[in-house]
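S.K.: Have a look at this one before I ask anything.
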Amino acid sequence: MMTSAQRTHLDDLENQSIFIFREAYHAFKNVCMPWSMGKDSNVLVWLARKAFLGRVPFPVLHIDTTYEFPEMLEFREWATKHHNLNLIVKTNTEARARGIGYETHDPVTVTHELKTVALQQVLTEYKWDALITGIRRDEDPTRAKERYFSPRNAQFEWDYKDQPPEFWGQFVTGVSKGEHVRVQPLLDWTEVDIWRYIQRENIPIPQMYFARSGKRFRSLGCSPITHPIVSTASTIDEIIAELEATKTTERAGRAQDHYERNAMQKLRAKGFL
Amino acid sequence: MSDKANAQRSTSGAEPNLKVVFVGHVDHGKSTLIGRILHDTDSLSEGKIEHVKKACTAEGMEFEFAFLLDALLEEQKQNVTIDTTEIPFRTTRRRYAIIDAPGHKEFLKNMITGASRADAAILVISADEGVREQSRRHAYLLSMLGIKHIIVVVNKMDLVDYSEKRFREIEQEYRKFLRELGLDARIFIPASAKEGENVARASMKMKWYGAANVLEALDLLEPQRRNVDLPLRFCVQDVYRFDGRRIVAGRIETGTLKVGDQLVFSPANKSSVVAAIERWNVQENGPAVAGDSIGITLSEQIFVERGYVASHENETPIEANRFHADLFWIVREPLRVAHLYNLRLATQDVKCEVVSIERVMDSSTLESKGDGREQLERNEIGRLTIQTRGRLVIDNHDRIPSLGRFVIIDDGQICGGGTIFGGVYSERSSGRGDLVDRAFWRREIDHRTGT
């Protein structure tokens, strides 16, 4: 018989995430789950299958900036079939037509146009009232302040100075027209938790996270502004050992976060995940 | 082996971390204490301290440990913590997550949001100012939130010349207050976060103290016990019919559940046997315990929907449409008697109204502020009677916390939280109406008001 002593930290995290998934699926009529194909995103898909007994009962959304790594797109095709996902792909073609791109514009502008605005466009089209996202508190100081259920107004803005209370497993579920709620089942997970869980569950992820020729990607985004780190970690055990020794932040290789002071706060207040 | 190598080794397992909320009156030094802990446990990312020091020089300010926390621009401007954050650190024993809760009065909802997730609390009191309004109010809320592990840090001892006499005065006064709330602090620690005295190392300036420093005191705490030994409460979140099967999905709040168990579903009081426990992609599909999110199939098809609570036959919860509760209110618009609200308790959601407010407590003095009031203002705690439309499945908060607490919703917003007391369990709950024992309730009031 299972006792409380045998339960691990990962068991606690997994069960809490499943609980949040099920609350969201009940509370909202029209749910969508953004899927970047990154490690957290794949854990999110996995947990959705845990919550709904093997299936993902809502569409997943890939915001394709047209600056994706080819390997990620290959993974997208494979994983869509593997998990039997209902995949929606969205590109802000209007911004690309206007010439918005990393070749000519700064990363904050491009990220806003090709990710956040693209998300706004597709949200207006499909009228989703909840987006299930894979953000974690330990990724960034602004994400540390998030709620499990975090409302966004019709302009997509996040009022981080006046967030709803959240306790005893009760969440804000009321939305007005045009508003949506970000549901964030991975909020309590750390980067190391994510890796341990990927290892325990054998969750498929892109191979770019593992070292090749002395480098690996710790976090994945658009190819022109995402840089690999120097690493020899080619297994999950080695990655975990590396993370436990490092003091560099996870998103250090993501240029849009560091382009200007408080870049991440500005991006997120305007609707970035 | 060095401390650091030791820390790496002992935290490399996947054991749960301990969540600690830091509360206390504004400017009593919570952020400084957290900054000091992060600094002394070497938990900051590369270059963080240099970065903050440089920013301080640029703005002509003296470096403070509190700034290490203030990642957002607004915080640095106002010099107050605006919202709950969570920050990890490690000791030789385990991993911790610090929940920083703001001290300003208007941010009570953030403090509750943070504290409700905590296993333990550090209550910071400044040695020079002593016990203040929020020192008391926060302790009151911790007691309602059910947090039992409390460490009191008497900070800023450097401002009172590390005086033992001053420390003992505060300890005596505050212990008395906590006792009235039914709380017992594990330890009182005299410290100076600014100078690093008694935080991560023993203080040479307070040799009269000689007990655990802050990190040692944290390491001595055991995580709050899981509710495996309590009666079973399986709260239904949803019923899924993705394939031919009808799967009842939910979370075990307390107790254990296994295949073959005879379950009683409240409020309908229909029974059925657990045919299977449904989980996806698991190694071992054993019994489910408190905290598990599972699905079950039943051997007989009975009507079950979201909000139902399953229990074992001889340990059923109370069903009632009228009960007594203590309620804290956190929004500007006051709670009004006879106004229609929504009440959510676990996965139940019903309409309710407050029938009467028996008394309003000033949470900082524990004094009663007059009977017969018609409304409850923000930051007040009231003892009241609630009437629901339709049966509610409840437990007393002191018996089964997760079924003994609820939130009040108005216009889609969470406005307050309450804990239930005084409900009477029948021999075998069989759906009687109002099960509140009035004699018990009367005695309870008399006891607590000292009349």
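Going by the structure tokens order, chains are called A, B, ..., each with residues numbered from 1, while ligands are numbered from 1 in the order shown.
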Just the residues within 8 Å of segment 196-207 of chain B, please, counting only C-alpha atoms, with nothing from its chain fewer than 6 positions along; format it as a list in words.

M.R.: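 That gives Leu33, Arg36, Ile37, Asp40, Thr41, Tyr162, Glu164, Ile189, Pro190, Asn213, Val214, Leu215 and Glu216 of chain B.
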
S.K.: Could you please take those selected residues and save N, CA and C atoms as a PDB file, in the first residue's frame?

M.R.:
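After the write, out.pdb holds the following:
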ATOM      1  N   LEU B  33      15.638  40.201   5.308  1.00  0.00           N
ATOM      2  CA  LEU B  33      15.923  38.848   5.799  1.00  0.00           C
ATOM      3  C   LEU B  33      16.015  37.860   4.635  1.00  0.00           C
ATOM      4  N   ARG B  36      19.189  38.497   2.725  1.00  0.00           N
ATOM      5  CA  ARG B  36      20.305  37.965   3.502  1.00  0.00           C
ATOM      6  C   ARG B  36      20.397  36.447   3.373  1.00  0.00           C
ATOM      7  N   ILE B  37      19.263  35.765   3.451  1.00  0.00           N
ATOM      8  CA  ILE B  37      19.274  34.299   3.338  1.00  0.00           C
ATOM      9  C   ILE B  37      19.773  33.880   1.958  1.00  0.00           C
ATOM     10  N   ASP B  40      23.545  34.523   1.880  1.00  0.00           N
ATOM     11  CA  ASP B  40      24.360  33.641   2.724  1.00  0.00           C
ATOM     12  C   ASP B  40      24.283  32.173   2.306  1.00  0.00           C
ATOM     13  N   THR B  41      23.237  31.786   1.576  1.00  0.00           N
ATOM     14  CA  THR B  41      23.169  30.405   1.093  1.00  0.00           C
ATOM     15  C   THR B  41      23.677  30.314  -0.345  1.00  0.00           C
ATOM     16  N   TYR B 162      21.406  44.773  20.693  1.00  0.00           N
ATOM     17  CA  TYR B 162      21.364  43.325  20.932  1.00  0.00           C
ATOM     18  C   TYR B 162      20.897  42.996  22.359  1.00  0.00           C
ATOM     19  N   GLU B 164      19.004  41.552  25.324  1.00  0.00           N
ATOM     20  CA  GLU B 164      18.211  40.373  25.661  1.00  0.00           C
ATOM     21  C   GLU B 164      16.884  40.778  26.294  1.00  0.00           C
ATOM     22  N   ILE B 189      13.639  33.864  17.544  1.00  0.00           N
ATOM     23  CA  ILE B 189      15.067  34.041  17.258  1.00  0.00           C
ATOM     24  C   ILE B 189      15.415  35.530  17.214  1.00  0.00           C
ATOM     25  N   PRO B 190      16.345  35.983  18.065  1.00  0.00           N
ATOM     26  CA  PRO B 190      16.806  37.376  17.953  1.00  0.00           C
ATOM     27  C   PRO B 190      17.812  37.461  16.810  1.00  0.00           C
ATOM     28  N   ASN B 213      19.848  29.290  14.851  1.00  0.00           N
ATOM     29  CA  ASN B 213      19.676  30.452  13.994  1.00  0.00           C
ATOM     30  C   ASN B 213      18.546  30.175  12.998  1.00  0.00           C
ATOM     31  N   VAL B 214      18.271  31.133  12.124  1.00  0.00           N
ATOM     32  CA  VAL B 214      17.086  31.002  11.259  1.00  0.00           C
ATOM     33  C   VAL B 214      17.161  29.761  10.364  1.00  0.00           C
ATOM     34  N   LEU B 215      18.296  29.551   9.710  1.00  0.00           N
ATOM     35  CA  LEU B 215      18.404  28.395   8.810  1.00  0.00           C
ATOM     36  C   LEU B 215      18.335  27.074   9.574  1.00  0.00           C
ATOM     37  N   GLU B 216      18.976  27.039  10.747  1.00  0.00           N
ATOM     38  CA  GLU B 216      18.907  25.809  11.560  1.00  0.00           C
ATOM     39  C   GLU B 216      17.471  25.526  11.989  1.00  0.00           C
TER      40      GLU B 216
END

S.K.: Please report as a Markdown table every residue of chain A lying within 6 Å of chain B, along with the nearest atom pair and their distance in Å (one decimal), using only C-alpha atoms.

M.R.:
| residue | atom | partner | partner_atom | distance |
| --- | --- | --- | --- | --- |
| A:Thr8 | CA | B:Glu15 | CA | 5.6 |
| A:His9 | CA | B:Pro16 | CA | 4.1 |
| A:Asn15 | CA | B:Ser293 | CA | 5.2 |
| A:Lys50 | CA | B:Trp280 | CA | 5.2 |
| A:Leu53 | CA | B:Trp280 | CA | 5.1 |
| A:Gly54 | CA | B:Trp280 | CA | 5.9 |
| A:Ala144 | CA | B:Thr85 | CA | 5.3 |
| A:Lys145 | CA | B:Thr85 | CA | 5.0 |
| A:Pro165 | CA | B:Lys109 | CA | 5.2 |
| A:Glu166 | CA | B:Thr113 | CA | 5.0 |
| A:Phe167 | CA | B:Thr113 | CA | 5.3 |
| A:Gly174 | CA | B:Gly412 | CA | 4.9 |
| A:Lys247 | CA | B:Ser45 | CA | 4.7 |
| A:Thr248 | CA | B:Ser45 | CA | 5.8 |

S.K.: Extract the full set of strand (DSSP E) residues from segment 145-220 of chain A according to DSSP on the backbone, and format it as a PDB file with N, CA and C atoms, in the first residue's frame.

M.R.:
ATOM      1  N   PHE A 149      -4.454  30.686 -12.469  1.00  0.00           N
ATOM      2  CA  PHE A 149      -5.440  31.203 -13.413  1.00  0.00           C
ATOM      3  C   PHE A 149      -5.252  32.715 -13.443  1.00  0.00           C
ATOM      4  N   SER A 150      -4.769  33.229 -14.565  1.00  0.00           N
ATOM      5  CA  SER A 150      -4.366  34.623 -14.624  1.00  0.00           C
ATOM      6  C   SER A 150      -5.124  35.349 -15.735  1.00  0.00           C
ATOM      7  N   PRO A 151      -6.035  36.250 -15.372  1.00  0.00           N
ATOM      8  CA  PRO A 151      -6.871  36.897 -16.389  1.00  0.00           C
ATOM      9  C   PRO A 151      -6.101  37.890 -17.251  1.00  0.00           C
ATOM     10  N   ARG A 152      -6.502  37.991 -18.511  1.00  0.00           N
ATOM     11  CA  ARG A 152      -5.974  38.986 -19.437  1.00  0.00           C
ATOM     12  C   ARG A 152      -7.160  39.751 -20.022  1.00  0.00           C
ATOM     13  N   HIS A 180      -9.561  36.691 -21.783  1.00  0.00           N
ATOM     14  CA  HIS A 180      -9.263  35.271 -21.619  1.00  0.00           C
ATOM     15  C   HIS A 180      -8.438  35.060 -20.351  1.00  0.00           C
ATOM     16  N   VAL A 181      -8.349  33.799 -19.958  1.00  0.00           N
ATOM     17  CA  VAL A 181      -7.583  33.455 -18.761  1.00  0.00           C
ATOM     18  C   VAL A 181      -6.403  32.595 -19.184  1.00  0.00           C
ATOM     19  N   ARG A 182      -5.224  32.930 -18.663  1.00  0.00           N
ATOM     20  CA  ARG A 182      -4.070  32.070 -18.861  1.00  0.00           C
ATOM     21  C   ARG A 182      -4.063  31.048 -17.729  1.00  0.00           C
ATOM     22  N   VAL A 183      -4.105  29.797 -18.089  1.00  0.00           N
ATOM     23  CA  VAL A 183      -4.061  28.736 -17.083  1.00  0.00           C
ATOM     24  C   VAL A 183      -2.656  28.149 -17.110  1.00  0.00           C
ATOM     25  N   LYS A 215      28.193  21.834 -27.607  1.00  0.00           N
ATOM     26  CA  LYS A 215      27.164  22.843 -27.343  1.00  0.00           C
ATOM     27  C   LYS A 215      25.786  22.207 -27.274  1.00  0.00           C
ATOM     28  N   ARG A 216      24.905  22.852 -26.464  1.00  0.00           N
ATOM     29  CA  ARG A 216      23.514  22.412 -26.451  1.00  0.00           C
ATOM     30  C   ARG A 216      22.610  23.616 -26.195  1.00  0.00           C
TER      31      ARG A 216
END

S.K.: Atom CA of Glu71 of chain A and atom CA of Ile229 of chain A are how many Å apart?

M.R.: 17.6 Å

S.K.: Just want the 10 Å neighbourhood of Ala95 of chain A, counted on only C-alpha atoms, with same-chain residues fewer than 2 positions away dropped. Output as a list in words.

M.R.: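 Final neighbour list, sorted by chain and number: Thr91, Asn92, Thr93, Ala97, Arg98, Gly99, Ile100, Gly101, Val110, Glu113, Leu114, Val117 and Ala118 of chain A.
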
S.K.: Could you tell me how far atom CA of Glu374 of chain B lies from atom CA of Ile408 of chain B, in Å and to one decimal?

M.R.: 16.6 Å

S.K.: Compile the contact shell of Glu358 of chain B as an MDAnalysis selection string: residues with an atom at most 9 Å away, counting only C-alpha atoms, same-chain residues fewer than 2 positions apart removed.

M.R.: chainID B and resid 356 360 370:373 382:385

S.K.: Skipping near chain neighbours, those fewer than 2 positions away, what residues fall within 6 Å of Ser36 of chain A using only C-alpha atoms, listed as a PyMOL selection string?

M.R.: chain A and resi 38+41+62

S.K.: Any chance you can output those residues with C-alpha atoms as an mmCIF file, in the first residue's frame?

M.R.:
data_model
loop_
_atom_site.group_PDB
_atom_site.id
_atom_site.type_symbol
_atom_site.label_atom_id
_atom_site.label_comp_id
_atom_site.auth_asym_id
_atom_site.auth_seq_id
_atom_site.Cartn_x
_atom_site.Cartn_y
_atom_site.Cartn_z
ATOM 1 C CA GLY A 38 10.122 23.071 -26.192
ATOM 2 C CA SER A 41 5.588 22.511 -23.676
ATOM 3 C CA HIS A 62 1.938 26.613 -32.653
#

S.K.: So which residues touch segment 78-81 of chain A within 12 Å, counting only C-alpha atoms, skipping near sequence neighbours fewer than 2 positions away, as JSON, numbers by chain?

M.R.: {"A": [35, 36, 37, 38, 41, 42, 45, 46, 55, 56, 59, 60, 61, 62, 71, 72, 73, 74, 75, 76, 83, 84, 85, 86, 87, 88, 89, 203, 204, 205, 206]}

S.K.: Emit the selected residues as an mmCIF file, in the first residue's frame, including C-alpha atoms.

M.R.:
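Resulting contents of result_35.cif:
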data_model
loop_
_atom_site.group_PDB
_atom_site.id
_atom_site.type_symbol
_atom_site.label_atom_id
_atom_site.label_comp_id
_atom_site.auth_asym_id
_atom_site.auth_seq_id
_atom_site.Cartn_x
_atom_site.Cartn_y
_atom_site.Cartn_z
ATOM 1 C CA TRP A 35 2.706 24.447 -27.909
ATOM 2 C CA SER A 36 6.220 25.617 -28.705
ATOM 3 C CA MET A 37 7.645 22.082 -28.921
ATOM 4 C CA GLY A 38 10.122 23.071 -26.192
ATOM 5 C CA SER A 41 5.588 22.511 -23.676
ATOM 6 C CA ASN A 42 6.040 18.781 -24.190
ATOM 7 C CA VAL A 45 1.132 17.884 -23.476
ATOM 8 C CA TRP A 46 2.101 14.873 -21.403
ATOM 9 C CA ARG A 55 -5.888 12.242 -24.942
ATOM 10 C CA VAL A 56 -5.619 15.990 -25.360
ATOM 11 C CA PRO A 59 -6.461 22.021 -29.893
ATOM 12 C CA VAL A 60 -2.781 22.842 -29.511
ATOM 13 C CA LEU A 61 -1.445 25.978 -31.133
ATOM 14 C CA HIS A 62 1.938 26.613 -32.653
ATOM 15 C CA GLU A 71 14.636 20.349 -36.421
ATOM 16 C CA MET A 72 11.802 21.779 -34.335
ATOM 17 C CA LEU A 73 9.426 21.664 -37.296
ATOM 18 C CA GLU A 74 10.353 18.045 -37.926
ATOM 19 C CA PHE A 75 9.653 17.312 -34.287
ATOM 20 C CA ARG A 76 6.305 19.113 -34.586
ATOM 21 C CA HIS A 83 0.248 12.338 -29.346
ATOM 22 C CA ASN A 84 -2.681 12.474 -31.778
ATOM 23 C CA LEU A 85 -2.929 16.264 -31.440
ATOM 24 C CA ASN A 86 -5.333 18.647 -33.090
ATOM 25 C CA LEU A 87 -2.693 21.138 -34.265
ATOM 26 C CA ILE A 88 -3.365 24.725 -35.337
ATOM 27 C CA VAL A 89 -0.450 26.652 -36.862
ATOM 28 C CA ILE A 203 8.715 12.116 -22.613
ATOM 29 C CA PRO A 204 9.800 12.788 -26.204
ATOM 30 C CA ILE A 205 11.624 16.116 -26.660
ATOM 31 C CA PRO A 206 13.723 17.622 -29.487
#

S.K.: Between A:Val108, A:Met33, A:Ala154, A:Ile239, which has the minimum distance to Ile225 of chain A (counting only C-alpha atoms)?

M.R.: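 Among A:Val108, A:Met33, A:Ala154, A:Ile239, it is A:Val108 that comes nearest to Ile225 of chain A.
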
S.K.: Extract, using only C-alpha atoms, all DNA, RNA and protein residues at most 7 Å from Gly260 of chain B, discarding same-chain residues fewer than 5 positions from it, and format them as a list in words.

M.R.: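 Using only C-alpha atoms, the neighbours found are Val273, Val274 and Ala275 of chain B.
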